[in-house]
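Participant: For reference, the structure I am asking about is given below.
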Amino acid sequence: SRSRDSLHSWAWSAVPWPGGVEQDFLEVPSMMLENFVWEPEVLRRLSRPAADDGSVLEDSTIDAIGRSRFLATGYAKSKYLAMSLYDLRVHGGPGPYEFEGKTYDAASLYNVMIERYTGIAPMPGSFAAASWFHLLMGYDAGYYGYIYSETLAADLFGRFGELSRDGKSVVDGDLGEKYRDEILSPCATADGEAMLLDFLGRAPSKDAFLKSRISAT
């Protein structure tokens, strides 16, 4: 790390900026790394140690795993966006809360918004937000930032994906070192946008994120 003090290292958003990185950049490094496990090359390498005979996952199994990646992603993202809107609403002031012309308390508002944006009603009498840690741990009114982090992570991984499409190993030491030096090492000593510019050599784009979702549908 280039950070001299731990306060300026990667930190949960409960540590306010400039103590930690920007909230909508916080999850970018971990989300970027999550992409590797879906790569056929990586799945083969991960499966080998578990096999006594040295065999790896069959190509048909790897293909099935890849096709399952975005299963029910429409519902998942709709629910995420509903939760983000709920987060913004309840942190906008004390209840009761108005939504589409009606008034609700915190519990009923959550369930109504989930059903409104996903089309699926929560279980009667339930209040899933009671176990939703982010509401009270520093993400206050910032849960929407996850989708930004996911978009930026897809753009970063696109550099590694280019290697795979060119028939090269996606686990590339030189590019991995560049990622370490320009994304992980600076920590909060640099703006997230500056780190992205250094690694990508251009302004970040949402194209990789959208392409991955569209191609999966």
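Chains: A, B, ... in order of the structure tokens. Residues: from 1 per chain. Ligands: from 1, in order shown.
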Might you pull out every residue within 10 Å of Val42 in chain A, with only C-alpha atoms counted and same-chain residues fewer than 6 positions away left off, and present them as a list in words?
Facilitator: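 Counting only the stated atoms, we get Phe36, Ser169, Val170 and Val171 of chain A.
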Participant: Mind checking which residues fall within 8 Å of range 205-214 of chain A, counting only C-alpha atoms, ignoring those fewer than 6 positions away in the same chain, and posting them as a PyMOL selection string?
Facilitator: chain A and resi 70+150-152+154-155+158
Participant: Keeping only C-alpha atoms, write the selected residues as a compact mmCIF listing (two decimals), in the first residue's frame.
Facilitator:
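Output contents, as saved in out36.txt:
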```txt
# COMPACT_ATOMS: atom_id res chain seq x y z
CA PHE A 70 -27.12 -14.25 -14.37
CA GLU A 150 -20.43 -3.22 -10.22
CA THR A 151 -20.34 -1.19 -13.42
CA LEU A 152 -16.81 0.06 -12.79
CA ALA A 154 -16.93 -4.86 -15.09
CA ASP A 155 -14.99 -2.18 -16.95
CA GLY A 158 -12.71 -6.04 -19.34
```
Participant: How many Å separate CA of Leu26 in chain A from CA of Lys178 in chain A?
Facilitator: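 The value is 18.9 Å.
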Participant: Under the rule that only C-alpha atoms are counted, which of A:Leu200, A:Ala141, A:Ala153, A:Leu46 is the nearest residue to Ser84 in chain A?
Facilitator: A:Ala141
Participant: At a cut-off of 10 Å, using only C-alpha atoms, what residues contact Ser68 in chain A? Leave out same-chain residues fewer than 5 positions from it and give the result as a PyMOL selection string.
Facilitator: chain A and resi 38+62-63+73+216
Participant: With N, CA and C atoms retained, export the selected residues as a PDB file, in the first residue's frame.
Facilitator:
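What follows is the written file selection.pdb:
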```pdb
ATOM      1  N   TRP A  38     -15.734 -17.037 -12.828  1.00  0.00           N
ATOM      2  CA  TRP A  38     -16.633 -17.492 -13.894  1.00  0.00           C
ATOM      3  C   TRP A  38     -15.878 -17.830 -15.184  1.00  0.00           C
ATOM      4  N   ILE A  62     -18.685 -26.630 -17.083  1.00  0.00           N
ATOM      5  CA  ILE A  62     -18.206 -25.255 -17.043  1.00  0.00           C
ATOM      6  C   ILE A  62     -19.147 -24.341 -17.824  1.00  0.00           C
ATOM      7  N   ASP A  63     -19.606 -24.825 -18.976  1.00  0.00           N
ATOM      8  CA  ASP A  63     -20.541 -24.039 -19.779  1.00  0.00           C
ATOM      9  C   ASP A  63     -21.852 -23.810 -19.029  1.00  0.00           C
ATOM     10  N   THR A  73     -31.462 -12.579 -12.905  1.00  0.00           N
ATOM     11  CA  THR A  73     -30.832 -11.282 -12.666  1.00  0.00           C
ATOM     12  C   THR A  73     -31.838 -10.133 -12.775  1.00  0.00           C
ATOM     13  N   ALA A 216     -26.336 -12.090 -21.673  1.00  0.00           N
ATOM     14  CA  ALA A 216     -26.796 -13.194 -20.818  1.00  0.00           C
ATOM     15  C   ALA A 216     -28.294 -13.425 -20.926  1.00  0.00           C
TER      16      ALA A 216
END
```
Participant: Any chance you could list, as a ChimeraX atom specification, the residues in range 28-57 of chain A that come up alpha helix (DSSP H) when DSSP is run on the backbone?
Facilitator: /A:28-34,40-47
Participant: Pick out the residues sitting within 10 Å of Ser78 in chain A, and hand them over as a list in words; count only C-alpha atoms, and ignore anything fewer than 4 positions along from it in its own chain.
Facilitator: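 The residues satisfying every condition are Thr73, Gly74, Ala82, Met83, Ser84, Ile114, Glu115, Arg116, Tyr117, Thr118 and Gly119 of chain A.
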Participant: Just give me the gap between CA of Phe199 in chain A and CA of Met31 in chain A in Å, one decimal is fine.
Facilitator: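 Separation of CA of Phe199 in chain A and CA of Met31 in chain A: 15.9 Å.
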Participant: Given only C-alpha atoms as the basis, pick out the residue of A:Leu135, A:Leu156, A:Met32, A:Val56 nearest to Leu197 in chain A.
Facilitator: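 That would be A:Leu156, the residue with the smallest distance to Leu197 in chain A.
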Participant: If we count only C-alpha atoms and set the cut-off at 10 Å, which residues sit around Ala106 in chain A, ignoring sequence neighbours fewer than 4 positions away in its own chain? Please answer as a PyMOL selection string.
Facilitator: chain A and resi 86+89-90+94-97+110-111+127+129-130
Participant: Can you work out which one of A:Glu193, A:Asp24, A:Glu34, A:Asp140 has the shortest atom-to-atom distance to Asp87 in chain A, counting only C-alpha atoms?
Facilitator: A:Asp140
Participant: Give me, please, the distance in Å between CA of Tyr75 in chain A and CA of Leu57 in chain A, quoted to one decimal.
Facilitator: 29.4 Å
Participant: May I have a table of the residues of range 19-93 of chain A lying at most 9 Å from range 179-189 of chain A, giving each one's closest pair of atoms and their distance in Å to one decimal, counting only C-alpha atoms, ordered by chain and ascending residue number, as a tab-separated table?
Facilitator:
```
residue	atom	partner	partner_atom	distance
A:Gly19	CA	A:Ala188	CA	7.1
A:Gly20	CA	A:Ala188	CA	5.5
A:Val21	CA	A:Ala188	CA	4.9
A:Glu22	CA	A:Ala188	CA	8.2
A:Pro29	CA	A:Leu184	CA	7.3
```
